[in-house]
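Peer 1: I have a structure here, written as structure tokens, and I will follow up with some questions on it.
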Amino acid sequence: MNTTYKLQRQIIYILLSACLFSCGKSLDNPTPDTAINLDKIQPGDLPLLLRGAYKPNAIFYQPYPIWDVYSDDIISLQGSTPTQYNPRSYDDCNPNIEDGFGNARLYSAAYTAIGNANFIINYIKSKGITNMNGLLGEALSIRAFNYYRLAESYGGVVLTVNLETDINLIRRDKNTEEEVYKQVINDLLEAIPILEDFKTADFISKPTAQLLLARLYLQLDKNKEAFELAEEVIKSGKNNLAQADFAEVFHYGSKSTEMLWRLSEPITSYERGGLYTMYSPPPPYRGSSMGLTWVDPALVQSYENNDIRASLLLERKNPVIGENVTYLLKFSTDIAQPSSNASIVYPMVRISEAYLISAEASARQGQLILTRYNELRRARGASQKTATSFTGTDQFIQEIEAERRREFVGEGRRWQDMKRYGKAIPFLKSKGRDEARLYLPFVTTELTKNTKLTQNKGY
């Protein structure tokens, strides 16, 4: 079904003013300026609206790697014009406020998803529908995830959970970061009891929401709560760590249960492989890349010889700089995606994070417990450690940071980790920047649409 609705005079705004630009008008391909009268929607239309909330922007590869390139995990010399996605500017920790592709797509896609989620949540609640709890839980989780993503990226943002009809309630200054995180927590706490158990990584399930909340609790130093949620996810027994073929985790047609939630993007040809085109080695590899984006050498050297994660690293001479560099193949159409499955997988949540959250949350409570840390390393083919390997919990936390780098490189988590581990500001100083660059700027087009929105400091 691909039903199109005309704009109504008395409208309910699906999205915030930050996203008021024009696209197609179908429910599963929502537009930021589409407004739909509640009376025009039937309960049977909600799954289609939910599908649009999951995939509000068909182009993932530009906003997805921003924070990895920003961090110390990924090095990129790839350049473009200031108004397009320019990895080099993010590598320099100096994003351009005119960037209408990377930064702007992250922002607008998040609000597009939030708009659809708001509609679903308010529709189900206002109509008193009691047999769509699973769908309600997914919508709450999508809203939570996207506000979480916005708060990580921009700090405070405009927060709305209702279907506002007054433009003055939409075009206003931002809420605080604390207010946004409070809403994220409330949404996830409401969603968790009504979500279904894990069935497929293409939809948000109960353990996905639990792990997202554990991630936020760890970030907010709520370590007891983070530990309990991570343990509950592990003990549910629905998802298992990959123990042989690490590339299998990232296959589109994978039978692995390690992936809790993913997005996917069709490949129109092997020469236009989305995120892989950016991370790809140069030809003859299929990404047809210039090969200007690679993994930090210190991170590469930290993998042990038998670590299966190192199978997705490839050393090649870069023809532009004339030196050997190491490329990341997690999104590879040569390695991870056989020709019969023409989609690239974008990991959002994996079960391995629960193991590392459990270990870190315990250590931050003064307990040196290596069980979950060693279980992950055993699955990856890495050596086992004992308590005597560390002088105390502080050193163990440093090791967990290193393990998270090895595990999640290229998956969008590193910059937030650097902030939590106290590495972000020193890194910014090494780039000639200051703490103002902890967050992205609001792009010029959004400031023009919402003149009451205050630009982040330093831009």
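By order of appearance in the structure tokens: chains A, B, ..., then residues from 1 within every chain, and ligands from 1 in the order shown.
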With only C-alpha atoms as the counted atoms, please give the residues lying no more than 7 Å from A:Glu98, apart from itself and same-chain residues fewer than 6 positions off, as a PyMOL selection string.
Peer 2: chain A and resi 82-83+443-444
Peer 1: Determine, counting only C-alpha atoms, which protein, DNA and RNA residues have an atom within 9 Å of an atom of A:Val320; residues of the same chain fewer than 6 positions away are not included. Present the result as an MDAnalysis selection string.
Peer 2: chainID A and resid 290:292
Peer 1: Give the strand (DSSP E) residues of stretch 229-335 of chain A, as DSSP finds them on the backbone, and put them as a PDB file with N, CA and C atoms, in the first residue's frame.
Peer 2:
```pdb
ATOM      1  N   MET A 259      23.263  -9.481  15.877  1.00  0.00           N
ATOM      2  CA  MET A 259      22.726  -8.166  15.570  1.00  0.00           C
ATOM      3  C   MET A 259      21.331  -8.034  16.171  1.00  0.00           C
ATOM      4  N   LEU A 260      21.163  -7.083  17.082  1.00  0.00           N
ATOM      5  CA  LEU A 260      19.848  -6.835  17.683  1.00  0.00           C
ATOM      6  C   LEU A 260      18.997  -5.911  16.819  1.00  0.00           C
ATOM      7  N   TRP A 261      19.645  -4.927  16.203  1.00  0.00           N
ATOM      8  CA  TRP A 261      18.901  -3.984  15.362  1.00  0.00           C
ATOM      9  C   TRP A 261      19.848  -3.440  14.307  1.00  0.00           C
ATOM     10  N   ARG A 262      19.360  -3.387  13.075  1.00  0.00           N
ATOM     11  CA  ARG A 262      20.146  -2.892  11.961  1.00  0.00           C
ATOM     12  C   ARG A 262      19.261  -2.094  11.016  1.00  0.00           C
ATOM     13  N   LEU A 263      19.886  -1.253  10.226  1.00  0.00           N
ATOM     14  CA  LEU A 263      19.262  -0.666   9.055  1.00  0.00           C
ATOM     15  C   LEU A 263      19.990  -1.232   7.845  1.00  0.00           C
ATOM     16  N   SER A 264      19.359  -1.200   6.706  1.00  0.00           N
ATOM     17  CA  SER A 264      20.012  -1.716   5.500  1.00  0.00           C
ATOM     18  C   SER A 264      19.722  -0.796   4.336  1.00  0.00           C
ATOM     19  N   GLU A 265      20.623  -0.831   3.365  1.00  0.00           N
ATOM     20  CA  GLU A 265      20.533   0.065   2.221  1.00  0.00           C
ATOM     21  C   GLU A 265      20.831  -0.724   0.954  1.00  0.00           C
ATOM     22  N   PRO A 266      19.935  -0.710  -0.029  1.00  0.00           N
ATOM     23  CA  PRO A 266      20.204  -1.444  -1.274  1.00  0.00           C
ATOM     24  C   PRO A 266      21.429  -0.902  -2.003  1.00  0.00           C
ATOM     25  N   THR A 293      40.150   6.936   3.251  1.00  0.00           N
ATOM     26  CA  THR A 293      39.618   6.792   4.603  1.00  0.00           C
ATOM     27  C   THR A 293      40.062   5.443   5.156  1.00  0.00           C
ATOM     28  N   TRP A 294      40.716   5.445   6.314  1.00  0.00           N
ATOM     29  CA  TRP A 294      41.245   4.197   6.845  1.00  0.00           C
ATOM     30  C   TRP A 294      41.245   4.199   8.372  1.00  0.00           C
ATOM     31  N   VAL A 295      41.663   3.078   8.954  1.00  0.00           N
ATOM     32  CA  VAL A 295      41.623   2.862  10.406  1.00  0.00           C
ATOM     33  C   VAL A 295      42.919   3.357  11.043  1.00  0.00           C
ATOM     34  N   LEU A 313      39.910  -6.252   8.497  1.00  0.00           N
ATOM     35  CA  LEU A 313      40.889  -5.196   8.262  1.00  0.00           C
ATOM     36  C   LEU A 313      41.782  -5.631   7.099  1.00  0.00           C
ATOM     37  N   LEU A 314      42.089  -4.699   6.226  1.00  0.00           N
ATOM     38  CA  LEU A 314      42.877  -5.037   5.041  1.00  0.00           C
ATOM     39  C   LEU A 314      43.953  -3.974   4.818  1.00  0.00           C
ATOM     40  N   GLU A 315      45.208  -4.396   4.849  1.00  0.00           N
ATOM     41  CA  GLU A 315      46.313  -3.466   4.607  1.00  0.00           C
ATOM     42  C   GLU A 315      46.628  -3.393   3.116  1.00  0.00           C
ATOM     43  N   ARG A 316      46.676  -2.188   2.597  1.00  0.00           N
ATOM     44  CA  ARG A 316      46.998  -1.958   1.197  1.00  0.00           C
ATOM     45  C   ARG A 316      47.748  -0.628   1.057  1.00  0.00           C
ATOM     46  N   LYS A 317      48.541  -0.520   0.017  1.00  0.00           N
ATOM     47  CA  LYS A 317      49.231   0.741  -0.245  1.00  0.00           C
ATOM     48  C   LYS A 317      48.251   1.735  -0.841  1.00  0.00           C
ATOM     49  N   ASN A 324      51.349   2.435   3.140  1.00  0.00           N
ATOM     50  CA  ASN A 324      50.423   1.377   3.511  1.00  0.00           C
ATOM     51  C   ASN A 324      49.471   1.876   4.582  1.00  0.00           C
ATOM     52  N   VAL A 325      48.194   1.615   4.393  1.00  0.00           N
ATOM     53  CA  VAL A 325      47.161   1.948   5.372  1.00  0.00           C
ATOM     54  C   VAL A 325      46.257   0.730   5.529  1.00  0.00           C
ATOM     55  N   THR A 326      45.376   0.768   6.544  1.00  0.00           N
ATOM     56  CA  THR A 326      44.493  -0.369   6.804  1.00  0.00           C
ATOM     57  C   THR A 326      43.043   0.054   6.624  1.00  0.00           C
ATOM     58  N   TYR A 327      42.347  -0.646   5.740  1.00  0.00           N
ATOM     59  CA  TYR A 327      40.954  -0.332   5.421  1.00  0.00           C
ATOM     60  C   TYR A 327      40.003  -1.217   6.229  1.00  0.00           C
ATOM     61  N   LEU A 328      38.800  -0.705   6.449  1.00  0.00           N
ATOM     62  CA  LEU A 328      37.775  -1.416   7.208  1.00  0.00           C
ATOM     63  C   LEU A 328      36.783  -2.055   6.235  1.00  0.00           C
TER      64      LEU A 328
END
```
Peer 1: Tell me, which residues of stretch 203-334 of chain A carry DSSP helix (DSSP H, G or I), written as an NGL selection string?
Peer 2: :A and (206-219 or 223-235 or 246-250 or 275-279 or 297-301 or 308-312)
Peer 1: Grab the residues selected above and save them as a tab-separated table (two decimals), in the first residue's frame with N, CA and C atoms.
Peer 2:
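So the final result, stored in selection_13.tsv, reads:
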```tsv
chain	number	residue	atom	x	y	z
A	206	LYS	N	12.38	-5.99	22.55
A	206	LYS	CA	12.60	-5.65	23.96
A	206	LYS	C	14.07	-5.55	24.31
A	207	PRO	N	14.92	-6.53	23.95
A	207	PRO	CA	16.34	-6.39	24.31
A	207	PRO	C	17.02	-5.21	23.64
A	208	THR	N	16.57	-4.82	22.45
A	208	THR	CA	17.13	-3.63	21.79
A	208	THR	C	16.89	-2.39	22.65
A	209	ALA	N	15.65	-2.21	23.09
A	209	ALA	CA	15.31	-1.05	23.91
A	209	ALA	C	16.05	-1.10	25.25
A	210	GLN	N	16.17	-2.29	25.82
A	210	GLN	CA	16.90	-2.43	27.09
A	210	GLN	C	18.36	-2.04	26.92
A	211	LEU	N	18.96	-2.45	25.81
A	211	LEU	CA	20.37	-2.15	25.61
A	211	LEU	C	20.59	-0.67	25.28
A	212	LEU	N	19.64	-0.06	24.56
A	212	LEU	CA	19.73	1.38	24.33
A	212	LEU	C	19.66	2.15	25.65
A	213	LEU	N	18.79	1.70	26.54
A	213	LEU	CA	18.67	2.36	27.84
A	213	LEU	C	19.92	2.11	28.68
A	214	ALA	N	20.46	0.90	28.61
A	214	ALA	CA	21.70	0.61	29.34
A	214	ALA	C	22.84	1.50	28.83
A	215	ARG	N	22.88	1.71	27.52
A	215	ARG	CA	23.89	2.59	26.91
A	215	ARG	C	23.78	4.00	27.47
A	216	LEU	N	22.56	4.51	27.55
A	216	LEU	CA	22.37	5.86	28.07
A	216	LEU	C	22.68	5.93	29.56
A	217	TYR	N	22.24	4.93	30.32
A	217	TYR	CA	22.53	4.91	31.76
A	217	TYR	C	24.04	4.94	32.00
A	218	LEU	N	24.80	4.17	31.23
A	218	LEU	CA	26.25	4.17	31.39
A	218	LEU	C	26.80	5.56	31.10
A	219	GLN	N	26.29	6.20	30.07
A	219	GLN	CA	26.74	7.54	29.72
A	219	GLN	C	26.43	8.54	30.83
A	223	ASN	N	25.42	3.51	36.83
A	223	ASN	CA	26.09	2.24	36.55
A	223	ASN	C	25.33	1.03	37.05
A	224	LYS	N	24.67	1.14	38.19
A	224	LYS	CA	23.88	0.01	38.71
A	224	LYS	C	22.77	-0.34	37.73
A	225	GLU	N	22.06	0.67	37.24
A	225	GLU	CA	20.96	0.44	36.31
A	225	GLU	C	21.48	-0.10	34.98
A	226	ALA	N	22.62	0.44	34.51
A	226	ALA	CA	23.20	-0.04	33.25
A	226	ALA	C	23.59	-1.51	33.36
A	227	PHE	N	24.22	-1.89	34.48
A	227	PHE	CA	24.62	-3.28	34.68
A	227	PHE	C	23.42	-4.22	34.68
A	228	GLU	N	22.37	-3.86	35.39
A	228	GLU	CA	21.20	-4.73	35.51
A	228	GLU	C	20.54	-4.95	34.15
A	229	LEU	N	20.42	-3.89	33.36
A	229	LEU	CA	19.80	-4.04	32.04
A	229	LEU	C	20.67	-4.87	31.10
A	230	ALA	N	21.97	-4.63	31.11
A	230	ALA	CA	22.87	-5.40	30.25
A	230	ALA	C	22.81	-6.88	30.60
A	231	GLU	N	22.79	-7.18	31.87
A	231	GLU	CA	22.72	-8.58	32.31
A	231	GLU	C	21.40	-9.22	31.90
A	232	GLU	N	20.32	-8.47	31.97
A	232	GLU	CA	19.02	-9.01	31.58
A	232	GLU	C	19.00	-9.35	30.09
A	233	VAL	N	19.63	-8.51	29.28
A	233	VAL	CA	19.70	-8.79	27.84
A	233	VAL	C	20.51	-10.05	27.58
A	234	ILE	N	21.66	-10.18	28.22
A	234	ILE	CA	22.51	-11.35	28.02
A	234	ILE	C	21.79	-12.62	28.47
A	235	LYS	N	21.16	-12.56	29.61
A	235	LYS	CA	20.54	-13.75	30.20
A	235	LYS	C	19.24	-14.15	29.51
A	246	PHE	N	33.41	-13.49	11.72
A	246	PHE	CA	32.93	-12.19	12.17
A	246	PHE	C	32.20	-11.45	11.07
A	247	ALA	N	32.59	-11.67	9.82
A	247	ALA	CA	31.91	-11.01	8.70
A	247	ALA	C	30.45	-11.42	8.60
A	248	GLU	N	30.12	-12.63	9.06
A	248	GLU	CA	28.75	-13.12	9.00
A	248	GLU	C	27.78	-12.21	9.74
A	249	VAL	N	28.27	-11.58	10.80
A	249	VAL	CA	27.42	-10.68	11.59
A	249	VAL	C	26.87	-9.55	10.72
A	250	PHE	N	27.63	-9.14	9.72
A	250	PHE	CA	27.28	-7.97	8.92
A	250	PHE	C	26.70	-8.33	7.55
A	275	LEU	N	28.21	3.29	2.12
A	275	LEU	CA	29.25	3.47	3.11
A	275	LEU	C	30.52	2.73	2.72
A	276	TYR	N	30.36	1.60	2.07
A	276	TYR	CA	31.54	0.86	1.64
A	276	TYR	C	32.38	1.67	0.65
A	277	THR	N	31.73	2.45	-0.19
A	277	THR	CA	32.48	3.28	-1.13
A	277	THR	C	33.42	4.22	-0.38
A	278	MET	N	32.98	4.67	0.79
A	278	MET	CA	33.84	5.56	1.58
A	278	MET	C	34.97	4.79	2.24
A	279	TYR	N	34.67	3.65	2.87
A	279	TYR	CA	35.68	2.90	3.62
A	279	TYR	C	36.50	1.96	2.74
A	297	PRO	N	46.25	3.54	12.87
A	297	PRO	CA	47.27	2.48	12.98
A	297	PRO	C	47.41	1.91	14.39
A	298	ALA	N	47.29	2.73	15.43
A	298	ALA	CA	47.40	2.23	16.80
A	298	ALA	C	46.28	1.24	17.12
A	299	LEU	N	45.08	1.51	16.61
A	299	LEU	CA	43.97	0.59	16.81
A	299	LEU	C	44.24	-0.72	16.08
A	300	VAL	N	44.73	-0.64	14.87
A	300	VAL	CA	45.03	-1.84	14.08
A	300	VAL	C	46.02	-2.73	14.83
A	301	GLN	N	47.04	-2.13	15.40
A	301	GLN	CA	48.08	-2.89	16.08
A	301	GLN	C	47.61	-3.51	17.39
A	308	ILE	N	39.31	-12.73	15.50
A	308	ILE	CA	38.54	-12.83	14.25
A	308	ILE	C	38.08	-11.47	13.74
A	309	ARG	N	38.06	-10.47	14.60
A	309	ARG	CA	37.66	-9.13	14.15
A	309	ARG	C	38.68	-8.54	13.18
A	310	ALA	N	39.92	-8.96	13.31
A	310	ALA	CA	40.97	-8.46	12.42
A	310	ALA	C	40.79	-8.96	10.99
A	311	SER	N	39.93	-9.96	10.79
A	311	SER	CA	39.68	-10.45	9.43
A	311	SER	C	38.99	-9.39	8.57
A	312	LEU	N	38.41	-8.37	9.20
A	312	LEU	CA	37.74	-7.31	8.45
A	312	LEU	C	38.61	-6.06	8.32
```
Peer 1: May I ask which of the residues A:Thr200, A:Asn103, A:Thr391, A:Asn305 is the closest one to A:Pro65, counting only C-alpha atoms?
Peer 2: A:Asn103
Peer 1: Could you give me, as a list in words, the residues within 9 Å of A:Ile66, counting only C-alpha atoms and dropping anything in the same chain fewer than 5 positions from it?
Peer 2: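 Contacts, with the query itself left out: Ser71, Pro87, Tyr90, Asp91, Gly102, Asn103 and Gly412 of chain A.
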Peer 1: Which distance in Å separates atom CA of A:Gly432 and atom CA of A:Val157, to one decimal?
Peer 2: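 Interatomic distance here is 26.5 Å.
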Peer 1: Report, in Å with one decimal, the straight-line distance from atom CA of A:Ala191 to atom CA of A:Ser108.
Peer 2: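 Calculated distance between atom CA of A:Ala191 and atom CA of A:Ser108 is 23.7 Å.
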Peer 1: Can you list, as a PyMOL selection string, every protein, DNA or RNA residue that comes within 9 Å of stretch 413-426 of chain A when you count only C-alpha atoms, leaving out same-chain residues fewer than 2 positions away?
Peer 2: chain A and resi 67-73+152+218-220+397-398+401+404-405+408-411+428-431+433-435+437-438
Peer 1: Skipping near chain neighbours, those fewer than 4 positions away, what residues fall within 9 Å of A:Thr445 using only C-alpha atoms, listed as a ChimeraX atom specification?
Peer 2: /A:18,97-98,100,104,449-450
Peer 1: How close does stretch 170-277 of chain A get to stretch 116-134 of chain A? List, as JSON lines, each residue of stretch 170-277 of chain A within 9 Å, its nearest atom pair and the distance in Å to one decimal, counting only C-alpha atoms.
Peer 2:
```
{"residue": "A:Ala191", "atom": "CA", "partner": "A:Gly134", "partner_atom": "CA", "distance": 8.4}
{"residue": "A:Ile194", "atom": "CA", "partner": "A:Asn133", "partner_atom": "CA", "distance": 5.7}
{"residue": "A:Leu195", "atom": "CA", "partner": "A:Gly134", "partner_atom": "CA", "distance": 4.9}
{"residue": "A:Glu196", "atom": "CA", "partner": "A:Gly134", "partner_atom": "CA", "distance": 6.1}
{"residue": "A:Ser205", "atom": "CA", "partner": "A:Gly134", "partner_atom": "CA", "distance": 8.7}
```
Peer 1: Just how far from atom CA of A:Leu163 is atom CA of A:Pro441, in Å to one decimal?
Peer 2: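 Here the two named atoms are 26.3 Å from each other.
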Peer 1: List the spatial neighbours of A:Ile400 as number ranges by chain - criterion: any atom at most 9 Å away, only C-alpha atoms, same-chain residues fewer than 3 positions off excluded.
Peer 2: A: 356, 359-360, 373, 395-397, 403-405
